[in-house]
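Listing of entry.cif; format and content: mmCIF, C-alpha atoms.
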data_structure
#
loop_
_atom_site.label_atom_id
_atom_site.label_comp_id
_atom_site.auth_asym_id
_atom_site.auth_seq_id
_atom_site.Cartn_x
_atom_site.Cartn_y
_atom_site.Cartn_z
CA MET S 10 27.60 147.38 33.42
CA SER S 11 30.86 148.83 34.62
CA LYS S 12 31.75 145.93 36.88
CA MET S 13 34.93 144.10 36.08
CA SER S 14 34.91 140.42 35.33
CA LEU S 15 37.91 138.12 35.74
CA LYS S 16 37.50 134.56 34.58
CA THR S 17 39.57 131.59 33.64
CA GLU S 18 38.66 130.01 30.32
CA GLY S 19 39.68 126.54 29.15
CA GLU S 20 43.03 125.29 30.36
CA THR S 21 45.27 128.24 29.60
CA HIS S 22 43.29 131.49 29.33
CA VAL S 23 42.37 134.29 31.69
CA VAL S 24 39.81 136.81 30.46
CA VAL S 25 39.25 140.23 32.01
CA THR S 26 36.43 142.50 30.82
CA ARG S 27 35.41 146.00 31.92
CA HIS S 28 33.31 148.87 30.60
CA PHE S 29 34.73 152.41 30.58
CA ALA S 30 32.86 155.69 30.18
CA ALA S 31 35.30 157.01 27.58
CA SER S 32 36.02 156.55 23.89
CA PRO S 33 38.02 153.57 22.59
CA GLU S 34 40.65 156.12 21.59
CA ALA S 35 41.10 157.38 25.14
CA VAL S 36 41.14 153.88 26.65
CA TYR S 37 43.64 152.69 24.04
CA ARG S 38 45.89 155.68 24.69
CA ALA S 39 45.69 155.13 28.45
CA HIS S 40 46.97 151.59 27.84
CA THR S 41 49.89 152.57 25.63
CA GLU S 42 51.18 156.09 26.50
CA PRO S 43 53.72 155.90 29.34
CA LYS S 44 52.60 159.13 31.05
CA LEU S 45 49.05 157.79 31.24
CA VAL S 46 49.94 154.18 32.11
CA GLN S 47 52.01 155.43 35.06
CA LYS S 48 48.94 157.05 36.55
CA TRP S 49 46.86 153.93 36.97
CA MET S 50 48.58 150.57 36.45
CA LEU S 51 49.82 150.45 40.02
CA GLY S 52 48.12 147.67 41.97
CA PRO S 53 47.55 148.14 45.69
CA GLU S 54 47.89 151.46 47.52
CA GLY S 55 51.44 152.67 47.99
CA TRP S 56 52.91 151.24 44.79
CA THR S 57 54.27 153.43 41.99
CA MET S 58 55.71 152.84 38.53
CA PRO S 59 58.92 154.89 38.34
CA VAL S 60 59.92 153.42 34.95
CA CYS S 61 57.50 152.96 32.07
CA ILE S 62 58.78 152.24 28.58
CA SER S 63 56.26 151.60 25.84
CA GLU S 64 57.40 151.69 22.23
CA VAL S 65 54.07 151.68 20.46
CA ARG S 66 54.85 149.84 17.21
CA PRO S 67 55.00 146.18 16.23
CA GLY S 68 58.21 144.80 17.73
CA GLY S 69 58.41 147.74 20.15
CA LYS S 70 59.59 147.13 23.69
CA ILE S 71 57.60 147.30 26.90
CA ARG S 72 59.16 147.69 30.33
CA TYR S 73 57.29 148.52 33.52
CA GLU S 74 59.07 148.81 36.86
CA TRP S 75 57.09 148.93 40.08
CA SER S 76 58.24 150.03 43.50
CA ASN S 77 56.59 149.96 46.92
CA GLY S 78 58.74 152.85 48.11
CA LYS S 79 60.34 150.64 50.77
CA GLY S 80 62.99 149.01 48.63
CA GLY S 81 60.62 146.38 47.29
CA GLY S 82 59.80 146.05 43.63
CA PHE S 83 59.72 143.98 40.49
CA HIS S 84 59.49 144.56 36.78
CA LEU S 85 57.84 143.34 33.62
CA THR S 86 59.19 143.25 30.07
CA GLY S 87 57.42 142.55 26.82
CA GLU S 88 57.03 143.32 23.15
CA TYR S 89 54.18 144.58 21.03
CA LEU S 90 53.17 142.19 18.26
CA GLU S 91 50.20 143.90 16.61
CA LEU S 92 48.68 147.35 17.05
CA GLU S 93 45.42 148.48 15.49
CA PRO S 94 45.07 152.02 16.80
CA TYR S 95 42.16 152.48 19.21
CA ARG S 96 40.84 148.96 18.59
CA ARG S 97 43.25 146.22 19.44
CA ILE S 98 46.63 145.51 21.02
CA VAL S 99 48.47 142.19 20.91
CA HIS S 100 51.58 141.85 23.01
CA VAL S 101 53.58 139.36 25.07
CA GLU S 102 54.84 140.03 28.56
CA ARG S 103 56.67 138.31 31.38
CA MET S 104 57.25 139.20 35.00
CA HIS S 105 60.73 139.15 36.51
CA LEU S 106 60.45 137.90 40.08
CA PRO S 107 63.44 138.07 39.54
CA ASP S 108 63.50 135.00 37.25
CA PRO S 109 61.37 135.56 34.17
CA THR S 110 57.98 133.83 34.14
CA PRO S 111 56.86 132.09 30.92
CA ASP S 112 55.46 134.44 28.28
CA ASN S 113 51.92 135.64 28.72
CA HIS S 114 50.36 136.36 25.32
CA ILE S 115 47.70 139.06 25.62
CA GLU S 116 45.12 140.37 23.19
CA THR S 117 43.30 143.50 24.34
CA ARG S 118 40.26 144.73 22.40
CA PHE S 119 38.49 148.05 22.76
CA ASP S 120 34.96 147.97 21.34
CA ALA S 121 32.59 150.92 21.23
CA ASP S 122 29.82 150.24 23.75
CA GLY S 123 27.08 152.85 23.90
CA SER S 124 28.86 156.12 24.63
CA GLY S 125 31.81 154.24 26.12
CA THR S 126 34.15 151.32 25.56
CA PHE S 127 33.99 147.65 26.38
CA MET S 128 37.45 146.23 26.96
CA THR S 129 38.25 142.54 26.62
CA MET S 130 41.69 141.40 27.68
CA ARG S 131 42.42 137.78 26.84
CA MET S 132 45.58 136.25 28.26
CA THR S 133 46.99 132.99 26.96
CA LEU S 134 49.54 131.12 29.05
CA PRO S 135 51.68 128.25 27.72
CA ASP S 136 49.97 125.66 29.92
CA ALA S 137 47.62 125.14 32.85
CA GLN S 138 50.51 124.93 35.29
CA THR S 139 51.85 128.33 34.27
CA ARG S 140 48.42 129.86 34.54
CA ALA S 141 48.08 128.50 38.07
CA ALA S 142 51.49 129.88 39.02
CA MET S 143 50.67 133.26 37.49
CA LEU S 144 47.42 133.58 39.40
CA ALA S 145 49.32 132.68 42.56
CA SER S 146 52.18 135.15 42.01
CA GLY S 147 49.82 137.87 40.84
CA MET S 148 48.57 137.83 44.38
CA GLU S 149 51.98 138.66 45.76
CA SER S 150 51.33 142.33 46.37
CA GLY S 151 47.80 141.70 47.55
CA MET S 152 49.28 139.32 50.09
CA GLU S 153 51.55 142.01 51.43
CA ALA S 154 48.62 144.32 52.04
CA SER S 155 46.76 141.55 53.79
CA TYR S 156 49.69 140.79 56.05
CA VAL S 157 49.57 144.31 57.37
CA ARG S 158 45.92 143.78 58.15
CA LEU S 159 46.65 140.37 59.65
CA ASP S 160 49.20 141.90 62.00
CA GLU S 161 46.48 144.19 63.27
CA LEU S 162 44.08 141.29 63.68
CA ILE S 163 46.54 139.19 65.59
CA GLN S 164 47.17 141.97 68.04
CA GLU S 165 43.49 142.13 68.88
CA PRO S 166 43.08 138.85 70.71
CA VAL S 167 39.59 137.43 70.31
CA THR S 168 37.61 139.56 67.91
CA ALA S 169 39.80 138.48 65.02
CA GLY S 170 37.00 137.35 62.76
CA SER S 171 38.44 136.40 59.41
CA ARG S 172 36.64 139.28 57.73
CA MET U 23 41.14 129.98 65.85
CA THR U 24 43.79 132.65 65.80
CA THR U 25 46.55 130.06 65.81
CA ASN U 26 45.04 128.22 62.82
CA LEU U 27 44.84 131.46 60.92
CA ASP U 28 48.41 132.18 61.88
CA VAL U 29 49.67 128.80 60.68
CA ALA U 30 47.68 129.06 57.47
CA PHE U 31 49.02 132.51 56.67
CA SER U 32 52.58 131.54 57.37
CA ALA U 33 52.11 128.50 55.11
CA LEU U 34 50.89 130.90 52.44
CA SER U 35 53.83 133.27 52.79
CA ASP U 36 55.82 131.23 50.28
CA GLY U 37 55.31 131.67 46.53
CA THR U 38 56.01 128.01 45.71
CA ARG U 39 53.43 126.86 48.22
CA ARG U 40 50.85 129.21 46.77
CA ALA U 41 51.63 127.90 43.28
CA ILE U 42 51.26 124.32 44.57
CA LEU U 43 47.85 125.20 45.96
CA ALA U 44 46.86 126.81 42.68
CA ARG U 45 48.00 123.66 40.87
CA LEU U 46 45.98 121.45 43.22
CA ALA U 47 42.94 123.60 42.47
CA GLN U 48 42.96 121.86 39.10
CA GLY U 49 42.81 118.41 40.68
CA GLU U 50 44.75 115.95 42.81
CA ALA U 51 48.43 115.39 42.19
CA THR U 52 51.23 113.25 43.58
CA VAL U 53 54.60 114.53 44.75
CA MET U 54 56.12 113.36 41.51
CA GLU U 55 53.55 115.16 39.40
CA LEU U 56 54.07 118.32 41.42
CA ALA U 57 57.87 118.17 41.37
CA GLU U 58 58.13 118.11 37.60
CA PRO U 59 56.66 121.44 36.53
CA PHE U 60 58.12 123.24 39.53
CA GLU U 61 61.59 122.00 38.66
CA MET U 62 62.20 121.11 42.27
CA THR U 63 63.42 117.91 43.86
CA GLN U 64 60.83 115.61 45.39
CA PRO U 65 62.16 116.13 48.95
CA ALA U 66 61.84 119.89 48.52
CA ILE U 67 58.25 119.52 47.31
CA SER U 68 57.51 117.04 50.12
CA GLN U 69 58.69 119.61 52.63
CA HIS U 70 56.31 122.22 51.20
CA LEU U 71 53.47 119.69 51.18
CA LYS U 72 54.12 118.91 54.83
CA VAL U 73 53.78 122.58 55.75
CA LEU U 74 50.56 122.88 53.73
CA GLU U 75 49.15 119.73 55.29
CA GLU U 76 49.95 120.84 58.82
CA ALA U 77 48.24 124.12 58.09
CA GLY U 78 45.11 122.19 57.08
CA LEU U 79 45.18 123.52 53.50
CA ILE U 80 45.62 120.15 51.80
CA THR U 81 44.83 116.53 52.57
CA SER U 82 46.26 113.29 51.24
CA ARG U 83 44.89 109.83 50.66
CA VAL U 84 46.56 106.51 50.06
CA GLU U 85 46.04 104.71 46.79
CA GLY U 86 48.39 101.75 46.54
CA ALA U 87 51.88 103.17 46.37
CA ARG U 88 50.57 106.63 45.47
CA ARG U 89 49.64 109.31 47.90
CA PRO U 90 47.81 111.98 45.95
CA ARG U 91 47.24 115.37 47.57
CA ARG U 92 44.18 117.51 47.16
CA LEU U 93 42.91 120.84 48.43
CA SER U 94 40.95 120.85 51.65
CA LYS U 95 37.98 123.14 52.21
CA ALA U 96 40.32 125.58 53.99
CA GLY U 97 42.68 125.47 51.01
CA ILE U 98 39.85 126.27 48.63
CA ASP U 99 38.77 129.17 50.81
CA ALA U 100 42.34 130.47 50.92
CA LEU U 101 42.59 130.35 47.12
CA ASP U 102 39.27 132.12 46.78
CA GLN U 103 40.54 134.82 49.06
CA TRP U 104 43.65 135.30 46.93
CA LEU U 105 41.61 135.54 43.78
CA ALA U 106 39.50 138.15 45.52
CA MET U 107 42.69 140.09 46.32
CA LEU U 108 43.88 139.87 42.74
CA ARG U 109 40.48 141.10 41.61
CA LYS U 110 40.67 143.92 44.10
CA ALA U 111 44.10 145.06 42.89
CA LEU U 112 42.81 145.04 39.31
CA GLU U 113 39.65 146.87 40.31
CA GLN U 114 41.75 149.53 42.04
CA ASN U 115 43.74 149.92 38.82
CA TYR U 116 40.60 150.33 36.76
CA SER U 117 38.96 152.82 39.08
CA ARG U 118 42.15 154.89 38.84
CA LEU U 119 41.92 154.49 35.06
CA ASP U 120 38.34 155.82 35.23
CA GLU U 121 39.77 159.01 36.74
CA VAL U 122 42.51 159.27 34.12
CA LEU U 123 39.88 158.88 31.39
CA ALA U 124 37.64 161.50 33.01
CA GLU U 125 40.53 163.96 32.79
CA MET U 126 41.14 163.06 29.16
CA GLU U 127 37.49 163.41 28.13
CA PRO U 128 35.74 165.58 30.69
CA LYS U 129 32.57 166.01 28.64
CA ARG U 130 31.90 162.41 27.89
CA THR U 131 32.40 161.02 31.35
CA LYS U 132 30.32 163.71 33.05
CA LYS U 133 27.19 161.83 32.02
CA THR U 134 28.02 158.79 34.08
CA LYS U 135 27.36 159.68 37.66
CA LYS U 136 30.01 158.71 40.10
CA LYS U 137 28.61 155.76 41.93
CA GLY U 138 29.62 155.58 45.55
CA GLU U 139 31.91 152.57 45.50
CA THR U 140 29.89 150.37 47.75
CA ARG U 141 31.82 147.33 48.67
#
structure tokens encoding of this file:
Amino acid sequence: MSKMSLKTEGETHVVVTRHFAASPEAVYRAHTEPKLVQKWMLGPEGWTMPVCISEVRPGGKIRYEWSNGKGGGFHLTGEYLELEPYRRIVHVERMHLPDPTPDNHIETRFDADGSGTFMTMRMTLPDAQTRAAMLASGMESGMEASYVRLDELIQEPVTAGSR
Amino acid sequence: MTTNLDVAFSALSDGTRRAILARLAQGEATVMELAEPFEMTQPAISQHLKVLEEAGLITSRVEGARRPRRLSKAGIDALDQWLAMLRKALEQNYSRLDEVLAEMEPKRTKKTKKKGETR
């Protein structure tokens, strides 16, 4: 099963799982080495990550800056709390939009799964309200993409079915 | 139809209003209950609620002096659509990660056939 799952759990958690056809070592490295992170953690088409700082040690800093190439962008900062090479990462992060959002505490596990890896990313937000706000703001960039599509829809008068 | 869609999308263009909708997804709330966590004044929240109500995304009912708001069917659909977008952005990330991993470990990933991303 390589399909991703994204679920809320209890009042304050969000859990994302996904299988990868690569070793836990490779998946772990792709989550922590800046040159690798910059290749994939980009969101919708057209976004890039010009700045990626990842100091891979407990207490080490994280800073990701995204840009849409049209002057738009935002960034994330965080710190690593625990690192068990190739198995587990615990860190906190916050988005700056531009005001910092409350800390999101994230545990990411990489378990061997057949010839690949099963990743479980468990986010813990301070409260239900913050989780709701995060899910809403996480859609920010998705919204932008959909506006472009909406513009096209609106210009075609009647056939604008919602999907 | 097009106008409704238009009004709904413009109501959704504001981050606070989206967060209010996400909050209402957890259950009804009054203006006072909404104002507190958002650190906004009640009039400011009321203004946002008015926009959401006019767009058909929320409804209100009267209960004594309270007027709790809740998501309408359209509001629930709108939230579902956002979650789908968030999922899609994450899925795009992970399919890019699949490619990064394939470059890192060419042998291992060769086994898994590339499935035509049917969506």
*Find the residues near Arg103 in chain S: any atom within 10 Å, counting only C-alpha atoms, skip ones fewer than 3 places away on the same chain, and give them as a list in words.*
Arg72, His84, Leu85, Thr86, Gly87, Glu88, Leu106, Asp108, Pro109, Thr110, Pro111, Asp112, Asn113, His114 and Met143 of chain S
Now that the selection is made, can you save its residues with C-alpha atoms as a JSON list (two decimals), in the frame of the given file?
[["chain", "number", "residue", "atom", "x", "y", "z"],
["S", 72, "ARG", "CA", 59.16, 147.69, 30.33],
["S", 84, "HIS", "CA", 59.49, 144.56, 36.78],
["S", 85, "LEU", "CA", 57.84, 143.34, 33.62],
["S", 86, "THR", "CA", 59.19, 143.25, 30.07],
["S", 87, "GLY", "CA", 57.42, 142.55, 26.82],
["S", 88, "GLU", "CA", 57.03, 143.32, 23.15],
["S", 106, "LEU", "CA", 60.45, 137.90, 40.08],
["S", 108, "ASP", "CA", 63.50, 135.00, 37.25],
["S", 109, "PRO", "CA", 61.37, 135.56, 34.17],
["S", 110, "THR", "CA", 57.98, 133.83, 34.14],
["S", 111, "PRO", "CA", 56.86, 132.09, 30.92],
["S", 112, "ASP", "CA", 55.46, 134.44, 28.28],
["S", 113, "ASN", "CA", 51.92, 135.64, 28.72],
["S", 114, "HIS", "CA", 50.36, 136.36, 25.32],
["S", 143, "MET", "CA", 50.67, 133.26, 37.49]]
*Evaluating the PyMOL selection byres ((chain S and resi 37-43) around 10) on the displayed file yields which residues, as a PyMOL selection string?*
(chain S and resi 32-36+44-50+58+60-65+71-73+93-98+117-119+126+128) or (chain U and resi 119+122-123+126)
_Env of Ile42 in chain U: 9 Å cut, atoms = all atoms listed in the file, seq-sep filter 6 positions within chain, self excluded. Answer as a ChimeraX atom specification._
/S:141-142,145 /U:56,60,67,70-71
*Enter the distance from CA of Pro59 in chain S to CA of Asp36 in chain U, in Å, rounded to one decimal.*
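Those two atoms sit 26.7 Å apart.
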List every protein, DNA or RNA residue that has at least one atom no more than 12 Å from (55.4, 106.9, 46.6) in the file's coordinates, counting only C-alpha atoms, and write the result as a compact mmCIF listing (two decimals) with C-alpha atoms, in the coordinates of the input.
# COMPACT_ATOMS: atom_id res chain seq x y z
CA ALA U 51 48.43 115.39 42.19
CA THR U 52 51.23 113.25 43.58
CA VAL U 53 54.60 114.53 44.75
CA MET U 54 56.12 113.36 41.51
CA GLU U 55 53.55 115.16 39.40
CA GLN U 64 60.83 115.61 45.39
CA PRO U 65 62.16 116.13 48.95
CA SER U 68 57.51 117.04 50.12
CA ARG U 83 44.89 109.83 50.66
CA VAL U 84 46.56 106.51 50.06
CA GLU U 85 46.04 104.71 46.79
CA GLY U 86 48.39 101.75 46.54
CA ALA U 87 51.88 103.17 46.37
CA ARG U 88 50.57 106.63 45.47
CA ARG U 89 49.64 109.31 47.90
CA PRO U 90 47.81 111.98 45.95
CA ARG U 91 47.24 115.37 47.57
*Run the PyMOL selection byres ((chain U) within 7 of (chain S)) mentally over the shown coordinates, then write out the matched residues as a VMD selection string, using the chain letters and numbers from the document.*
chain U and resid 37 40 to 41 44 to 45 104 107 to 108 111 to 115 118 to 120 123 126 to 127 130 to 131 134
Those same residues, written as a compact mmCIF listing (two decimals), in the frame of the given file with C-alpha atoms?
# COMPACT_ATOMS: atom_id res chain seq x y z
CA GLY U 37 55.31 131.67 46.53
CA ARG U 40 50.85 129.21 46.77
CA ALA U 41 51.63 127.90 43.28
CA ALA U 44 46.86 126.81 42.68
CA ARG U 45 48.00 123.66 40.87
CA TRP U 104 43.65 135.30 46.93
CA MET U 107 42.69 140.09 46.32
CA LEU U 108 43.88 139.87 42.74
CA ALA U 111 44.10 145.06 42.89
CA LEU U 112 42.81 145.04 39.31
CA GLU U 113 39.65 146.87 40.31
CA GLN U 114 41.75 149.53 42.04
CA ASN U 115 43.74 149.92 38.82
CA ARG U 118 42.15 154.89 38.84
CA LEU U 119 41.92 154.49 35.06
CA ASP U 120 38.34 155.82 35.23
CA LEU U 123 39.88 158.88 31.39
CA MET U 126 41.14 163.06 29.16
CA GLU U 127 37.49 163.41 28.13
CA ARG U 130 31.90 162.41 27.89
CA THR U 131 32.40 161.02 31.35
CA THR U 134 28.02 158.79 34.08
_Using Å and a single decimal, report how far CA of Ser94 in chain U sits from CA of Ile80 in chain U._
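Rounded to one decimal, the two atoms are 4.7 Å apart.
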*Tell me, in Å to one decimal, how far CA of Glu116 in chain S is from CA of Lys110 in chain U.*
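So the answer is 21.7 Å.
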